[in-house]
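Note: the block below is coords04.pdb and it holds PDB, C-alpha atoms.
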ATOM      1  CA  MET A  57     -78.914  26.444 -73.121
ATOM      2  CA  SER A  58     -77.161  27.748 -70.013
ATOM      3  CA  SER A  59     -79.082  29.988 -67.641
ATOM      4  CA  ARG A  60     -78.962  33.761 -68.090
ATOM      5  CA  VAL A  61     -76.020  35.663 -66.615
ATOM      6  CA  THR A  62     -77.440  37.993 -63.958
ATOM      7  CA  THR A  63     -76.265  40.463 -61.345
ATOM      8  CA  ALA A  64     -76.085  37.496 -58.957
ATOM      9  CA  THR A  65     -73.660  35.849 -61.391
ATOM     10  CA  PHE A  66     -71.498  38.967 -61.251
ATOM     11  CA  ARG A  67     -71.435  38.805 -57.430
ATOM     12  CA  GLU A  68     -70.539  35.118 -57.539
ATOM     13  CA  ARG A  69     -67.692  35.795 -59.964
ATOM     14  CA  LYS A  70     -66.352  38.475 -57.639
ATOM     15  CA  GLN A  71     -66.316  35.989 -54.766
ATOM     16  CA  SER A  72     -64.869  33.085 -56.749
ATOM     17  CA  GLY A  73     -62.289  35.116 -58.649
ATOM     18  CA  GLU A  74     -63.509  33.966 -62.074
ATOM     19  CA  LYS A  75     -62.992  36.795 -64.554
ATOM     20  CA  ILE A  76     -65.929  38.386 -66.374
ATOM     21  CA  ALA A  77     -65.740  38.833 -70.169
ATOM     22  CA  VAL A  78     -67.741  41.720 -71.649
ATOM     23  CA  LEU A  79     -67.827  42.985 -75.245
ATOM     24  CA  THR A  80     -69.805  45.643 -77.037
ATOM     25  CA  ALA A  81     -72.210  44.717 -79.824
ATOM     26  CA  TYR A  82     -74.662  46.792 -81.812
ATOM     27  CA  ASP A  83     -76.487  44.309 -84.068
ATOM     28  CA  TYR A  84     -78.035  40.848 -84.169
ATOM     29  CA  PRO A  85     -75.307  38.903 -86.066
ATOM     30  CA  SER A  86     -72.484  40.192 -83.863
ATOM     31  CA  ALA A  87     -74.417  39.525 -80.659
ATOM     32  CA  LEU A  88     -75.296  36.040 -81.894
ATOM     33  CA  LEU A  89     -71.612  35.205 -82.381
ATOM     34  CA  GLN A  90     -70.711  36.641 -78.974
ATOM     35  CA  GLU A  91     -73.454  34.561 -77.409
ATOM     36  CA  GLU A  92     -72.064  31.446 -79.099
ATOM     37  CA  ALA A  93     -68.540  32.339 -77.967
ATOM     38  CA  GLY A  94     -69.610  32.421 -74.312
ATOM     39  CA  VAL A  95     -69.239  36.146 -73.598
ATOM     40  CA  ASP A  96     -70.723  36.856 -70.161
ATOM     41  CA  ALA A  97     -72.295  40.222 -70.907
ATOM     42  CA  ILE A  98     -72.900  42.307 -74.008
ATOM     43  CA  LEU A  99     -72.731  46.063 -73.617
ATOM     44  CA  VAL A 100     -74.721  47.997 -76.187
ATOM     45  CA  GLY A 101     -72.416  50.953 -75.869
ATOM     46  CA  ASP A 102     -72.973  54.530 -76.905
ATOM     47  CA  SER A 103     -69.585  53.934 -78.525
ATOM     48  CA  LEU A 104     -71.762  53.096 -81.524
ATOM     49  CA  GLY A 105     -71.646  56.836 -82.164
ATOM     50  CA  MET A 106     -68.066  56.385 -83.330
ATOM     51  CA  ALA A 107     -67.883  52.671 -84.193
ATOM     52  CA  ILE A 108     -71.096  52.547 -86.260
ATOM     53  CA  MET A 109     -72.301  56.075 -86.967
ATOM     54  CA  GLY A 110     -68.960  57.675 -87.852
ATOM     55  CA  GLY A 111     -69.089  60.436 -85.242
ATOM     56  CA  GLU A 112     -66.149  62.006 -83.430
ATOM     57  CA  ASP A 113     -67.593  61.259 -79.999
ATOM     58  CA  THR A 114     -70.590  59.674 -78.251
ATOM     59  CA  LEU A 115     -72.502  62.890 -77.584
ATOM     60  CA  SER A 116     -74.759  62.789 -80.643
ATOM     61  CA  VAL A 117     -76.170  59.340 -79.829
ATOM     62  CA  THR A 118     -79.866  59.487 -78.942
ATOM     63  CA  MET A 119     -82.261  57.290 -76.987
ATOM     64  CA  ASP A 120     -83.859  56.224 -80.261
ATOM     65  CA  ASP A 121     -80.444  55.138 -81.557
ATOM     66  CA  MET A 122     -79.727  53.152 -78.413
ATOM     67  CA  LEU A 123     -83.142  51.499 -78.270
ATOM     68  CA  HIS A 124     -82.870  50.458 -81.920
ATOM     69  CA  HIS A 125     -79.504  48.754 -81.449
ATOM     70  CA  THR A 126     -80.372  47.264 -78.053
ATOM     71  CA  ARG A 127     -83.430  45.547 -79.543
ATOM     72  CA  MET A 128     -81.257  43.838 -82.152
ATOM     73  CA  VAL A 129     -78.755  42.623 -79.576
ATOM     74  CA  SER A 130     -81.466  41.411 -77.182
ATOM     75  CA  ARG A 131     -82.988  39.224 -79.882
ATOM     76  CA  ALA A 132     -79.713  37.307 -80.128
ATOM     77  CA  ALA A 133     -78.589  37.172 -76.488
ATOM     78  CA  GLN A 134     -80.330  34.329 -74.674
ATOM     79  CA  ARG A 135     -77.635  33.695 -72.035
ATOM     80  CA  ALA A 136     -75.401  36.778 -71.946
ATOM     81  CA  MET A 137     -76.594  39.733 -69.891
ATOM     82  CA  VAL A 138     -77.499  42.700 -72.101
ATOM     83  CA  ILE A 139     -76.430  46.036 -70.624
ATOM     84  CA  ALA A 140     -77.580  49.231 -72.361
ATOM     85  CA  ASP A 141     -75.614  52.457 -72.191
ATOM     86  CA  MET A 142     -77.714  55.450 -71.224
ATOM     87  CA  PRO A 143     -76.785  58.127 -73.766
ATOM     88  CA  PHE A 144     -75.966  61.786 -73.223
ATOM     89  CA  LEU A 145     -78.863  63.785 -71.717
ATOM     90  CA  SER A 146     -80.941  60.669 -71.047
ATOM     91  CA  TYR A 147     -80.193  60.802 -67.297
ATOM     92  CA  GLN A 148     -78.530  64.175 -66.623
ATOM     93  CA  ILE A 149     -81.654  66.350 -66.645
ATOM     94  CA  THR A 150     -83.860  64.929 -63.861
ATOM     95  CA  PRO A 151     -83.955  61.643 -61.933
ATOM     96  CA  GLU A 152     -87.512  61.110 -63.142
ATOM     97  CA  GLU A 153     -86.473  61.373 -66.776
ATOM     98  CA  ALA A 154     -83.552  59.049 -66.071
ATOM     99  CA  LEU A 155     -85.955  56.454 -64.666
ATOM    100  CA  ARG A 156     -88.279  56.777 -67.647
ATOM    101  CA  ASN A 157     -85.428  56.255 -70.090
ATOM    102  CA  ALA A 158     -83.920  53.369 -68.127
ATOM    103  CA  GLY A 159     -87.324  51.703 -68.061
ATOM    104  CA  ARG A 160     -87.589  51.935 -71.844
ATOM    105  CA  PHE A 161     -84.407  49.888 -72.224
ATOM    106  CA  ILE A 162     -85.950  47.113 -70.143
ATOM    107  CA  ALA A 163     -89.550  47.223 -71.359
ATOM    108  CA  GLU A 164     -89.058  48.130 -75.021
ATOM    109  CA  ALA A 165     -85.580  46.874 -75.901
ATOM    110  CA  GLY A 166     -85.148  43.743 -73.763
ATOM    111  CA  ALA A 167     -82.046  44.768 -71.799
ATOM    112  CA  GLN A 168     -81.392  43.390 -68.305
ATOM    113  CA  ALA A 169     -79.421  46.378 -66.970
ATOM    114  CA  VAL A 170     -78.323  49.912 -67.805
ATOM    115  CA  LYS A 171     -74.990  51.705 -67.476
ATOM    116  CA  LEU A 172     -74.442  55.374 -66.840
ATOM    117  CA  GLU A 173     -71.349  57.505 -66.412
ATOM    118  CA  GLY A 174     -70.379  59.607 -63.416
ATOM    119  CA  PRO A 175     -70.160  59.645 -59.613
ATOM    120  CA  ALA A 176     -72.860  59.368 -56.971
ATOM    121  CA  GLU A 177     -72.471  62.997 -55.947
ATOM    122  CA  ARG A 178     -73.705  64.062 -59.403
ATOM    123  CA  PHE A 179     -76.102  61.295 -60.388
ATOM    124  CA  GLY A 180     -77.010  59.599 -57.129
ATOM    125  CA  GLY A 181     -80.635  60.716 -57.348
ATOM    126  CA  ALA A 182     -81.057  59.203 -60.797
ATOM    127  CA  ILE A 183     -79.315  55.961 -59.836
ATOM    128  CA  GLU A 184     -81.393  55.566 -56.659
ATOM    129  CA  LEU A 185     -84.659  56.050 -58.537
ATOM    130  CA  ILE A 186     -83.664  53.564 -61.249
ATOM    131  CA  LEU A 187     -82.619  50.996 -58.654
ATOM    132  CA  ARG A 188     -85.823  51.528 -56.682
ATOM    133  CA  ALA A 189     -87.742  50.533 -59.801
ATOM    134  CA  GLY A 190     -85.869  47.220 -59.880
ATOM    135  CA  ILE A 191     -83.512  48.049 -62.752
ATOM    136  CA  PRO A 192     -79.855  47.034 -62.199
ATOM    137  CA  VAL A 193     -77.306  49.813 -62.741
ATOM    138  CA  MET A 194     -73.656  49.494 -63.764
ATOM    139  CA  GLY A 195     -71.541  52.501 -62.819
ATOM    140  CA  HIS A 196     -68.698  54.019 -64.838
ATOM    141  CA  ILE A 197     -65.828  56.182 -63.598
ATOM    142  CA  GLY A 198     -62.380  57.247 -64.770
ATOM    143  CA  LEU A 199     -62.441  58.452 -68.349
ATOM    144  CA  THR A 200     -66.119  59.196 -68.977
ATOM    145  CA  PRO A 201     -66.560  59.916 -72.714
ATOM    146  CA  GLN A 202     -69.787  61.883 -72.254
ATOM    147  CA  SER A 203     -67.755  64.421 -70.252
ATOM    148  CA  VAL A 204     -64.954  64.616 -72.817
ATOM    149  CA  HIS A 205     -65.252  68.394 -73.243
ATOM    150  CA  GLN A 206     -65.274  68.986 -69.498
ATOM    151  CA  ILE A 207     -62.190  66.849 -68.822
ATOM    152  CA  GLY A 208     -60.309  68.222 -71.810
ATOM    153  CA  GLY A 209     -60.162  65.227 -74.133
ATOM    154  CA  TYR A 210     -59.646  61.487 -73.993
ATOM    155  CA  LYS A 211     -57.022  61.435 -71.252
ATOM    156  CA  VAL A 212     -55.951  58.875 -68.651
ATOM    157  CA  GLN A 213     -57.483  59.758 -65.277
ATOM    158  CA  GLY A 214     -56.137  59.271 -61.741
ATOM    159  CA  ARG A 215     -52.472  60.066 -62.301
ATOM    160  CA  ASP A 216     -52.064  62.444 -59.336
ATOM    161  CA  ALA A 217     -52.755  61.937 -55.647
ATOM    162  CA  ALA A 218     -55.901  64.054 -55.522
ATOM    163  CA  SER A 219     -57.591  62.420 -58.517
ATOM    164  CA  ARG A 220     -56.584  58.954 -57.303
ATOM    165  CA  GLU A 221     -58.312  59.554 -53.992
ATOM    166  CA  ARG A 222     -61.339  61.025 -55.756
ATOM    167  CA  LEU A 223     -61.728  57.928 -57.953
ATOM    168  CA  LYS A 224     -61.472  55.607 -54.967
ATOM    169  CA  GLN A 225     -64.218  57.527 -53.210
ATOM    170  CA  GLU A 226     -66.358  57.601 -56.366
ATOM    171  CA  ALA A 227     -66.125  53.804 -56.670
ATOM    172  CA  LEU A 228     -67.157  53.305 -53.043
ATOM    173  CA  GLY A 229     -69.993  55.807 -53.454
ATOM    174  CA  LEU A 230     -71.454  53.930 -56.422
ATOM    175  CA  GLN A 231     -71.174  50.655 -54.537
ATOM    176  CA  GLU A 232     -72.965  52.181 -51.546
ATOM    177  CA  LEU A 233     -75.799  53.342 -53.804
ATOM    178  CA  GLY A 234     -76.335  49.773 -55.008
ATOM    179  CA  CYS A 235     -74.635  49.505 -58.413
ATOM    180  CA  PHE A 236     -73.979  45.845 -59.249
ATOM    181  CA  SER A 237     -70.690  46.562 -61.031
ATOM    182  CA  ILE A 238     -68.462  49.465 -62.061
ATOM    183  CA  VAL A 239     -66.527  50.135 -65.254
ATOM    184  CA  LEU A 240     -63.065  51.594 -64.670
ATOM    185  CA  GLU A 241     -61.891  53.292 -67.855
ATOM    186  CA  CYS A 242     -58.365  54.484 -68.617
ATOM    187  CA  ILE A 243     -56.877  54.697 -65.139
ATOM    188  CA  PRO A 244     -53.467  53.446 -63.944
ATOM    189  CA  ALA A 245     -53.346  49.689 -63.421
ATOM    190  CA  ASP A 246     -52.197  49.925 -59.814
ATOM    191  CA  LEU A 247     -55.078  52.258 -58.943
ATOM    192  CA  ALA A 248     -57.589  49.950 -60.642
ATOM    193  CA  ALA A 249     -56.197  46.992 -58.699
ATOM    194  CA  GLU A 250     -56.427  48.945 -55.440
ATOM    195  CA  ILE A 251     -60.044  49.936 -56.137
ATOM    196  CA  THR A 252     -60.920  46.367 -57.116
ATOM    197  CA  ALA A 253     -59.448  44.967 -53.891
ATOM    198  CA  SER A 254     -61.487  47.424 -51.823
ATOM    199  CA  MET A 255     -64.818  46.636 -53.508
ATOM    200  CA  GLN A 256     -67.497  44.032 -52.805
ATOM    201  CA  ILE A 257     -68.898  44.386 -56.341
ATOM    202  CA  PRO A 258     -66.919  43.532 -59.486
ATOM    203  CA  THR A 259     -64.945  46.045 -61.503
ATOM    204  CA  ILE A 260     -64.825  45.832 -65.294
ATOM    205  CA  GLY A 261     -61.732  47.398 -66.773
ATOM    206  CA  ILE A 262     -61.050  49.028 -70.102
ATOM    207  CA  GLY A 263     -57.548  50.395 -70.255
ATOM    208  CA  ALA A 264     -57.247  49.756 -66.513
ATOM    209  CA  GLY A 265     -54.899  46.767 -66.347
ATOM    210  CA  ALA A 266     -55.295  43.135 -65.399
ATOM    211  CA  GLY A 267     -56.223  43.683 -61.752
ATOM    212  CA  CYS A 268     -59.930  44.250 -62.451
ATOM    213  CA  ASP A 269     -62.554  41.536 -61.986
ATOM    214  CA  GLY A 270     -63.339  41.568 -65.700
ATOM    215  CA  GLN A 271     -62.635  43.329 -68.966
ATOM    216  CA  VAL A 272     -64.639  45.051 -71.691
ATOM    217  CA  LEU A 273     -63.543  46.047 -75.174
ATOM    218  CA  VAL A 274     -65.273  47.762 -78.063
ATOM    219  CA  MET A 275     -65.885  44.977 -80.573
ATOM    220  CA  HIS A 276     -64.599  46.956 -83.549
ATOM    221  CA  ASP A 277     -61.375  47.786 -81.727
ATOM    222  CA  MET A 278     -60.507  44.139 -81.128
ATOM    223  CA  LEU A 279     -61.352  43.278 -84.753
ATOM    224  CA  GLY A 280     -58.837  45.628 -86.332
ATOM    225  CA  TRP A 281     -60.255  49.139 -86.145
ATOM    226  CA  GLY A 282     -58.765  50.028 -82.750
ATOM    227  CA  LYS A 283     -55.577  51.987 -82.212
ATOM    228  CA  ALA A 284     -55.648  52.585 -78.455
ATOM    229  CA  ARG A 285     -52.801  51.202 -76.382
ATOM    230  CA  PHE A 286     -55.123  49.060 -74.288
ATOM    231  CA  THR A 287     -56.728  47.365 -77.299
ATOM    232  CA  LYS A 288     -55.553  44.002 -78.638
ATOM    233  CA  THR A 289     -56.387  42.942 -82.192
ATOM    234  CA  TYR A 290     -57.672  39.383 -81.920
ATOM    235  CA  ALA A 291     -58.487  39.123 -85.632
ATOM    236  CA  ASP A 292     -57.853  41.675 -88.374
ATOM    237  CA  VAL A 293     -61.391  41.557 -89.703
ATOM    238  CA  ARG A 294     -61.036  45.080 -91.067
ATOM    239  CA  ALA A 295     -58.251  43.968 -93.419
ATOM    240  CA  ALA A 296     -60.192  40.865 -94.474
ATOM    241  CA  MET A 297     -63.321  42.906 -95.237
ATOM    242  CA  LEU A 298     -61.342  45.484 -97.200
ATOM    243  CA  GLN A 299     -59.755  42.763 -99.343
ATOM    244  CA  ALA A 300     -63.119  41.090 -99.932
ATOM    245  CA  PHE A 301     -64.654  44.387-101.074
ATOM    246  CA  LYS A 302     -61.717  44.991-103.417
ATOM    247  CA  ASP A 303     -61.948  41.470-104.861
ATOM    248  CA  TYR A 304     -65.689  41.820-105.426
ATOM    249  CA  THR A 305     -65.324  45.195-107.137
ATOM    250  CA  GLU A 306     -62.566  43.877-109.414
ATOM    251  CA  GLU A 307     -64.546  40.757-110.378
ATOM    252  CA  VAL A 308     -67.727  42.706-111.159
ATOM    253  CA  LYS A 309     -65.823  45.130-113.364
ATOM    254  CA  SER A 310     -63.921  42.354-115.142
ATOM    255  CA  GLY A 311     -67.008  40.171-115.597
ATOM    256  CA  ALA A 312     -65.592  37.319-113.497
ATOM    257  CA  PHE A 313     -68.640  37.524-111.189
ATOM    258  CA  PRO A 314     -71.317  36.257-111.417
ATOM    259  CA  THR A 315     -70.752  32.940-113.171
ATOM    260  CA  GLU A 316     -73.280  30.261-114.184
ATOM    261  CA  ALA A 317     -72.886  28.786-110.700
ATOM    262  CA  HIS A 318     -74.458  31.952-109.263
ATOM    263  CA  ALA A 319     -77.408  32.082-111.689
ATOM    264  CA  TYR A 320     -80.900  30.513-111.671
ATOM    265  CA  LYS A 321     -82.366  28.442-114.483
ATOM    266  CA  LEU A 322     -85.958  27.617-115.386
ATOM    267  CA  ARG A 323     -86.883  24.207-113.977
ATOM    268  CA  GLN A 324     -89.071  21.952-116.144
ATOM    269  CA  ASP A 325     -91.439  19.326-114.750
ATOM    270  CA  ARG A 326     -92.082  15.997-116.498
ATOM    271  CA  GLU A 327     -94.746  17.557-118.741
ATOM    272  CA  GLY A 328     -92.310  20.214-119.883
ATOM    273  CA  ALA A 329     -94.079  23.045-118.072
ATOM    274  CA  ALA A 330     -92.474  25.312-115.512
ATOM    275  CA  PRO A 331     -93.245  24.303-111.924
ATOM    276  CA  ALA A 332     -96.056  26.201-110.234
ATOM    277  CA  ARG A 333     -94.093  26.879-107.080
ATOM    278  CA  SER A 334     -90.533  28.093-106.610
ATOM    279  CA  GLU A 335     -88.403  28.011-103.497
ATOM    280  CA  SER A 336     -87.193  31.286-102.062
ATOM    281  CA  PRO A 337     -83.551  32.019-102.958
ATOM    282  CA  TYR A 338     -83.044  32.791 -99.257
ATOM    283  CA  ALA A 339     -84.654  29.621 -97.901
ATOM    284  CA  SER A 340     -81.352  28.167 -96.764
ATOM    285  CA  VAL A 341     -80.142  31.331 -95.072
ATOM    286  CA  SER A 342     -80.557  31.199 -91.290
ATOM    287  CA  PRO A 343     -78.499  33.343 -88.875
ATOM    288  CA  ARG A 344     -79.013  30.767 -86.127
ATOM    289  CA  GLY A 345     -78.121  27.830 -88.371
TER     290      GLY A 345
END
Exercise: express the given structure as structure tokens:
Amino acid sequence: MSSRVTTATFRERKQSGEKIAVLTAYDYPSALLQEEAGVDAILVGDSLGMAIMGGEDTLSVTMDDMLHHTRMVSRAAQRAMVIADMPFLSYQITPEEALRNAGRFIAEAGAQAVKLEGPAERFGGAIELILRAGIPVMGHIGLTPQSVHQIGGYKVQGRDAASRERLKQEALGLQELGCFSIVLECIPADLAAEITASMQIPTIGIGAGAGCDGQVLVMHDMLGWGKARFTKTYADVRAAMLQAFKDYTEEVKSGAFPTEAHAYKLRQDREGAAPARSESPYASVSPRG
């Protein structure tokens, strides 16, 4: 097994120019496949509020939700770095509460880093305290979904001169604080490339063009659920699942499933008696196999 991807790996990738591949995951089987595929880092995103929980935004996601899903991902990820999103109100109230919550992701859920949204001028105290405790922090600027009501919806950021300059300063401010990487979400590609060129730490883009040091996508978006312009469907898993569910329902109703091949029979030993011990029907099922 290859050694764990760390913040040092991120710095090395920035220097060498090798791109960094990040995906979201929220459960053990998905994280296991991402680990096998060679993804560099797995973000347990608060996007689970929409992708998994059916919400309209990320604001209803709690610490308990995030810890639950981060634990599952951490059990699968032996090489990929696990980064946990700090949910709404887990770091905005006081720096001390932010530290306590960040520490829970490391100690209780097995993450190696946390991510939080917003600039240093608003959350510098929280970030500094978390970093002082030895917990790596990934920053996040541009479109910040936890501020969706404040910014007036899910809109591209940095399209005018003033907001472009503000985003450049926010990126530098997070770097100066000590963040090991920064997510740039939904900003013009030329601005993202300019920010990336000015930084000593890697940028991870989502809807920010090809000029970033790496990319992140929401897993469900790239598997057929996504409709955003910046999302590419790599496999239409949604359509395949829908067809499978339809086929199953039709076969159950018609009686085509189950057949004798899916049923168990009483096994007789040489004396004609049933065996004393039976194998579990799940004995051959192994997620890692």
- Note on the structure: For Ser103 (chain A), the closest of A:Thr200, A:Gln71, A:Thr259, A:Thr287 counting all atoms listed in the file is A:Thr200
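For the atom pair formed by CA of Val212 (chain A) and CA of Tyr82 (chain A), the distance is 25.9 Å, given to one decimal.
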- The residue from A:Asn157, A:Gln148, A:Thr315, A:Thr63 with the smallest atom-to-atom distance to Cys235 (chain A), counting all atoms listed in the file, is A:Thr63
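Minimum atom-to-atom distances from A:Ala312, A:Ile262, A:Ala176, A:Leu145 to Lys288 (chain A) were compared using only C-alpha atoms, and the lowest value belongs to A:Ile262.
Nearest residue to Ile238 (chain A) among A:Gly73, A:Gly209, A:Pro175, A:Gly265 is A:Pro175, counting all atoms listed in the file.
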